[in-house]
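*Asks:* Below you'll find the structure I mean.
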Amino acid sequence: MNRVALGLAALGRPAYINLGREGALPAVRDVESMRAATFAVLDDAYAAGIRHVDVARSYGRSEEFLAGWLAERGHDDVEVSSKWGYAYVGDWRLDADVHEVKEHSAARFATQWAETLALLGDRVGLYQVHSLTVDSPLFTDEPLLEALAELSANGVAVGFSTSGPAQAAAIERAFALEMAGRPVFSAVQSTWNVLEPSAGPALAAAHAAGKRVLVKETLANGRLVVEAPGALREIAAVHGAGPDAVAVAAVLARDWAGTAVIGPASPAQLAANLRATTLSLSTDEEAALAGLAENPEEYWRHRSSLGWD
């Protein structure tokens, strides 16, 4: 369990692009119902041994829910990672035209770090740039880079997450950044799953260089459950598990993947996901899963077509 983190992207706001949330979430997704659902998943995750929770400023009220749960339960052994860069603008509506807005600037960082601190204080051990791409203005924004370097100097690990078909290029460019002769970033959180493994070599290189590697979207936003390929279903049947468990087990089988971030919407989904920690995939099964890889451009085009629900 020390290699599994619980992500709250699917629980901190009423709408998200994950498939398979319908029926897992409360019938009425008001704030209090979603708070209760979040607490239930957090309780079961803690009982299972998970001690890392991943949130973000754009995950609706995820930081607020987590802060409330930590205060109410009194747990002092939970690592918290969060992200800045996207602002949640969905106004707690399922039918919002826009749910989040991205901005990588020194002003956005200062605002959102202050908001995160107000809720979670010194519980945050890792603060990440949300969805860094190779063309982000961050790379040439010296005031922003100075602010990130200062945060690192003050004891908070600074990382970044990536998305899109050019994740590898973003990873390589980001880890080359230095301020005053010291690396700006010490961690990365990237998408890697059996449908989209293209960032694997860059993540393996980052791990070899001593960087912390977290893997997100382990279930391809629910596609690997709701639309599970035949080979994945067959392997799952052999192990007496769900396709989600096999997909997460494939992540845990990467020796460079320090942390697999899962994002269940209910205690039942959490339990199904965590079956991964008991699975060992054979060489033939690994080869079959490798054959599921899609063209990265096509994968990300499909992801961008998913509706918020």
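Please note that chains go A, B, ... in the order of the structure tokens, that every chain numbers its residues from 1, and that ligands are numbered from 1 in the order shown.
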At a cut-off of 12 Å, using only C-alpha atoms, what residues contact Glu227 (chain A)? Leave out same-chain residues fewer than 3 positions from it and give the result as a list in words.
*Replies:*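 Surrounding residues, per the criterion: Asn18, Leu19, Gly20, Leu195, Leu219, Ala220, Asn221, Gly222, Arg223, Leu224, Gly230, Ala231, Leu232, Arg233, Pro243 and Asp244 of chain A.
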*Asks:* Could you find all residues in region 108-183 of chain A that DSSP calls helix (DSSP H, G or I) from the backbone, and write them as a PyMOL selection string?
*Replies:* chain A and resi 108-123+137-140+142-153+167-175
*Asks:* For the residues in that selection, give me N, CA and C atoms as a compact mmCIF listing (two decimals), in the first residue's frame.
*Replies:*
# COMPACT_ATOMS: atom_id res chain seq x y z
N ARG A 108 -0.98 33.28 -10.46
CA ARG A 108 -1.84 32.13 -10.18
C ARG A 108 -1.20 31.24 -9.12
N PHE A 109 0.11 31.02 -9.21
CA PHE A 109 0.79 30.21 -8.20
C PHE A 109 0.65 30.83 -6.81
N ALA A 110 0.90 32.13 -6.70
CA ALA A 110 0.84 32.79 -5.40
C ALA A 110 -0.57 32.69 -4.80
N THR A 111 -1.58 32.91 -5.64
CA THR A 111 -2.97 32.84 -5.17
C THR A 111 -3.33 31.44 -4.71
N GLN A 112 -3.00 30.46 -5.53
CA GLN A 112 -3.44 29.11 -5.22
C GLN A 112 -2.61 28.48 -4.09
N TRP A 113 -1.34 28.81 -3.99
CA TRP A 113 -0.56 28.30 -2.87
C TRP A 113 -1.11 28.85 -1.56
N ALA A 114 -1.52 30.12 -1.56
CA ALA A 114 -2.11 30.70 -0.36
C ALA A 114 -3.42 29.99 -0.01
N GLU A 115 -4.21 29.64 -1.03
CA GLU A 115 -5.47 28.93 -0.78
C GLU A 115 -5.22 27.53 -0.24
N THR A 116 -4.24 26.85 -0.81
CA THR A 116 -3.89 25.51 -0.33
C THR A 116 -3.39 25.57 1.11
N LEU A 117 -2.51 26.53 1.40
CA LEU A 117 -1.99 26.68 2.75
C LEU A 117 -3.10 26.94 3.76
N ALA A 118 -4.07 27.77 3.37
CA ALA A 118 -5.15 28.11 4.29
C ALA A 118 -5.95 26.86 4.69
N LEU A 119 -6.05 25.90 3.79
CA LEU A 119 -6.82 24.69 4.07
C LEU A 119 -5.98 23.58 4.69
N LEU A 120 -4.77 23.38 4.17
CA LEU A 120 -4.00 22.20 4.54
C LEU A 120 -2.71 22.50 5.28
N GLY A 121 -2.29 23.77 5.33
CA GLY A 121 -1.11 24.15 6.09
C GLY A 121 0.11 23.32 5.73
N ASP A 122 0.82 22.91 6.77
CA ASP A 122 2.07 22.20 6.54
C ASP A 122 1.86 20.71 6.25
N ARG A 123 0.61 20.29 6.02
CA ARG A 123 0.37 18.90 5.65
C ARG A 123 0.83 18.62 4.23
N PRO A 137 4.17 28.62 -20.64
CA PRO A 137 4.94 29.83 -20.37
C PRO A 137 5.81 29.72 -19.13
N LEU A 138 5.58 28.71 -18.31
CA LEU A 138 6.38 28.51 -17.10
C LEU A 138 7.87 28.46 -17.41
N PHE A 139 8.23 27.85 -18.52
CA PHE A 139 9.65 27.61 -18.81
C PHE A 139 10.46 28.89 -18.97
N THR A 140 9.81 29.99 -19.28
CA THR A 140 10.53 31.25 -19.46
C THR A 140 10.08 32.33 -18.49
N GLU A 142 10.68 33.77 -15.25
CA GLU A 142 11.67 33.75 -14.18
C GLU A 142 11.07 34.02 -12.80
N PRO A 143 10.16 35.00 -12.64
CA PRO A 143 9.55 35.19 -11.32
C PRO A 143 8.83 33.94 -10.81
N LEU A 144 8.17 33.23 -11.71
CA LEU A 144 7.48 32.00 -11.31
C LEU A 144 8.49 30.93 -10.90
N LEU A 145 9.54 30.76 -11.69
CA LEU A 145 10.56 29.77 -11.37
C LEU A 145 11.25 30.10 -10.05
N GLU A 146 11.46 31.38 -9.78
CA GLU A 146 12.05 31.79 -8.51
C GLU A 146 11.12 31.44 -7.35
N ALA A 147 9.82 31.64 -7.55
CA ALA A 147 8.85 31.33 -6.50
C ALA A 147 8.81 29.83 -6.22
N LEU A 148 8.88 29.02 -7.27
CA LEU A 148 8.90 27.57 -7.09
C LEU A 148 10.18 27.13 -6.39
N ALA A 149 11.30 27.73 -6.77
CA ALA A 149 12.57 27.40 -6.12
C ALA A 149 12.54 27.77 -4.64
N GLU A 150 11.91 28.89 -4.32
CA GLU A 150 11.80 29.30 -2.92
C GLU A 150 10.95 28.32 -2.12
N LEU A 151 9.86 27.85 -2.74
CA LEU A 151 9.01 26.87 -2.06
C LEU A 151 9.82 25.61 -1.76
N SER A 152 10.61 25.17 -2.73
CA SER A 152 11.45 23.99 -2.53
C SER A 152 12.47 24.22 -1.42
N ALA A 153 13.06 25.41 -1.39
CA ALA A 153 14.05 25.74 -0.36
C ALA A 153 13.42 25.75 1.03
N GLN A 167 4.06 14.12 -23.53
CA GLN A 167 4.47 14.08 -22.13
C GLN A 167 5.98 13.92 -21.98
N ALA A 168 6.57 13.04 -22.77
CA ALA A 168 8.00 12.76 -22.63
C ALA A 168 8.83 14.03 -22.82
N ALA A 169 8.49 14.83 -23.81
CA ALA A 169 9.24 16.07 -24.07
C ALA A 169 9.09 17.03 -22.90
N ALA A 170 7.88 17.11 -22.33
CA ALA A 170 7.66 18.00 -21.18
C ALA A 170 8.46 17.53 -19.97
N ILE A 171 8.50 16.22 -19.75
CA ILE A 171 9.26 15.67 -18.62
C ILE A 171 10.74 16.02 -18.76
N GLU A 172 11.28 15.78 -19.92
CA GLU A 172 12.71 16.04 -20.13
C GLU A 172 13.04 17.53 -19.99
N ARG A 173 12.19 18.39 -20.56
CA ARG A 173 12.47 19.82 -20.48
C ARG A 173 12.33 20.33 -19.05
N ALA A 174 11.33 19.83 -18.34
CA ALA A 174 11.10 20.31 -16.97
C ALA A 174 12.23 19.92 -16.04
N PHE A 175 12.72 18.70 -16.15
CA PHE A 175 13.78 18.27 -15.25
C PHE A 175 15.13 18.90 -15.59
*Asks:* Given the choices A:Ala37, A:Val156, A:Arg275, A:Arg21, which gets closest to Val226 (chain A) if the distance is worked out from only C-alpha atoms?
*Replies:* A:Arg21
*Asks:* When you look at Gly240 (chain A) with a cut-off of 10 Å (counting only C-alpha atoms), what residues show up, excluding the ones that are within fewer than 5 positions of it in the same chain? I need them as a list in words.
*Replies:*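 After dropping sequence-adjacent residues, the list is Glu234, Ile235, Ala245, Arg275 and Leu279 of chain A.
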*Asks:* Would you pick out the contacts of Gln189 (chain A) at 7 Å or less, using only C-alpha atoms, so that residues sharing its chain but fewer than 6 positions from it are not included, and give the list as a VMD selection string?
*Replies:* chain A and resid 160 to 162 213 to 216
*Asks:* Smallest atom-to-atom distance to Asn2 (chain A): which of A:Thr277, A:Thr283, A:Ser81, A:Thr133, using only C-alpha atoms?
*Replies:*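 Answer, going by the shortest atom-to-atom distance: A:Thr277.
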*Asks:* Which distance in Å separates CA of Leu252 (chain A) and CA of Asp309 (chain A), to one decimal?
*Replies:* 28.8 Å
*Asks:* Excluding same-chain residues fewer than 3 positions from Met1 (chain A), what lies within 7 Å of it counting only C-alpha atoms, as a ChimeraX atom specification?
*Replies:* /A:4,49-50
*Asks:* Running DSSP on the backbone, which parts of region 157-309 of chain A land in strand (DSSP E or B), as an NGL selection string?
*Replies:* :A and (157-162 or 178-179 or 182-183 or 187-191 or 212-216 or 259-262)
*Asks:* Using only C-alpha atoms, can you tell me which of A:Val98, A:Ala187, A:Ala265, A:Ala208 comes closest to Glu22 (chain A)?
*Replies:*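 Smallest distance to Glu22 (chain A) is found for A:Ala265.
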*Asks:* Could you work out how far CA of Leu132 (chain A) lies from CA of Gly68 (chain A), giving the answer in Å with one decimal?
*Replies:*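 Between these atoms lies a distance of 28.9 Å.
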*Asks:* List the spatial neighbours of region 84-90 of chain A as an mmCIF file with C-alpha atoms, in the first residue's frame - criterion: any atom at most 6 Å away, only C-alpha atoms, same-chain residues fewer than 6 positions off excluded.
*Replies:*
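Result saved to out-v7.cif:
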data_model
loop_
_atom_site.group_PDB
_atom_site.id
_atom_site.type_symbol
_atom_site.label_atom_id
_atom_site.label_comp_id
_atom_site.auth_asym_id
_atom_site.auth_seq_id
_atom_site.Cartn_x
_atom_site.Cartn_y
_atom_site.Cartn_z
ATOM 1 C CA ARG A 57 -7.028 23.315 -6.509
ATOM 2 C CA SER A 58 -9.157 22.449 -9.535
ATOM 3 C CA GLY A 60 -13.607 21.373 -6.658
ATOM 4 C CA ALA A 96 -21.345 24.137 -16.582
ATOM 5 C CA HIS A 99 -15.339 23.456 -15.392
ATOM 6 C CA GLU A 100 -11.720 24.565 -15.027
ATOM 7 C CA VAL A 101 -9.396 27.210 -16.436
ATOM 8 C CA LYS A 102 -5.643 26.795 -16.789
ATOM 9 C CA GLU A 103 -3.041 29.470 -16.118
ATOM 10 C CA HIS A 104 0.635 28.953 -15.372
ATOM 11 C CA VAL A 129 2.326 22.336 -11.447
ATOM 12 C CA HIS A 130 -0.903 21.003 -12.906
#
*Asks:* Just give me the gap between CA of Leu42 (chain A) and CA of Gly258 (chain A) in Å, one decimal is fine.
*Replies:*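 A separation of 20.8 Å between them.
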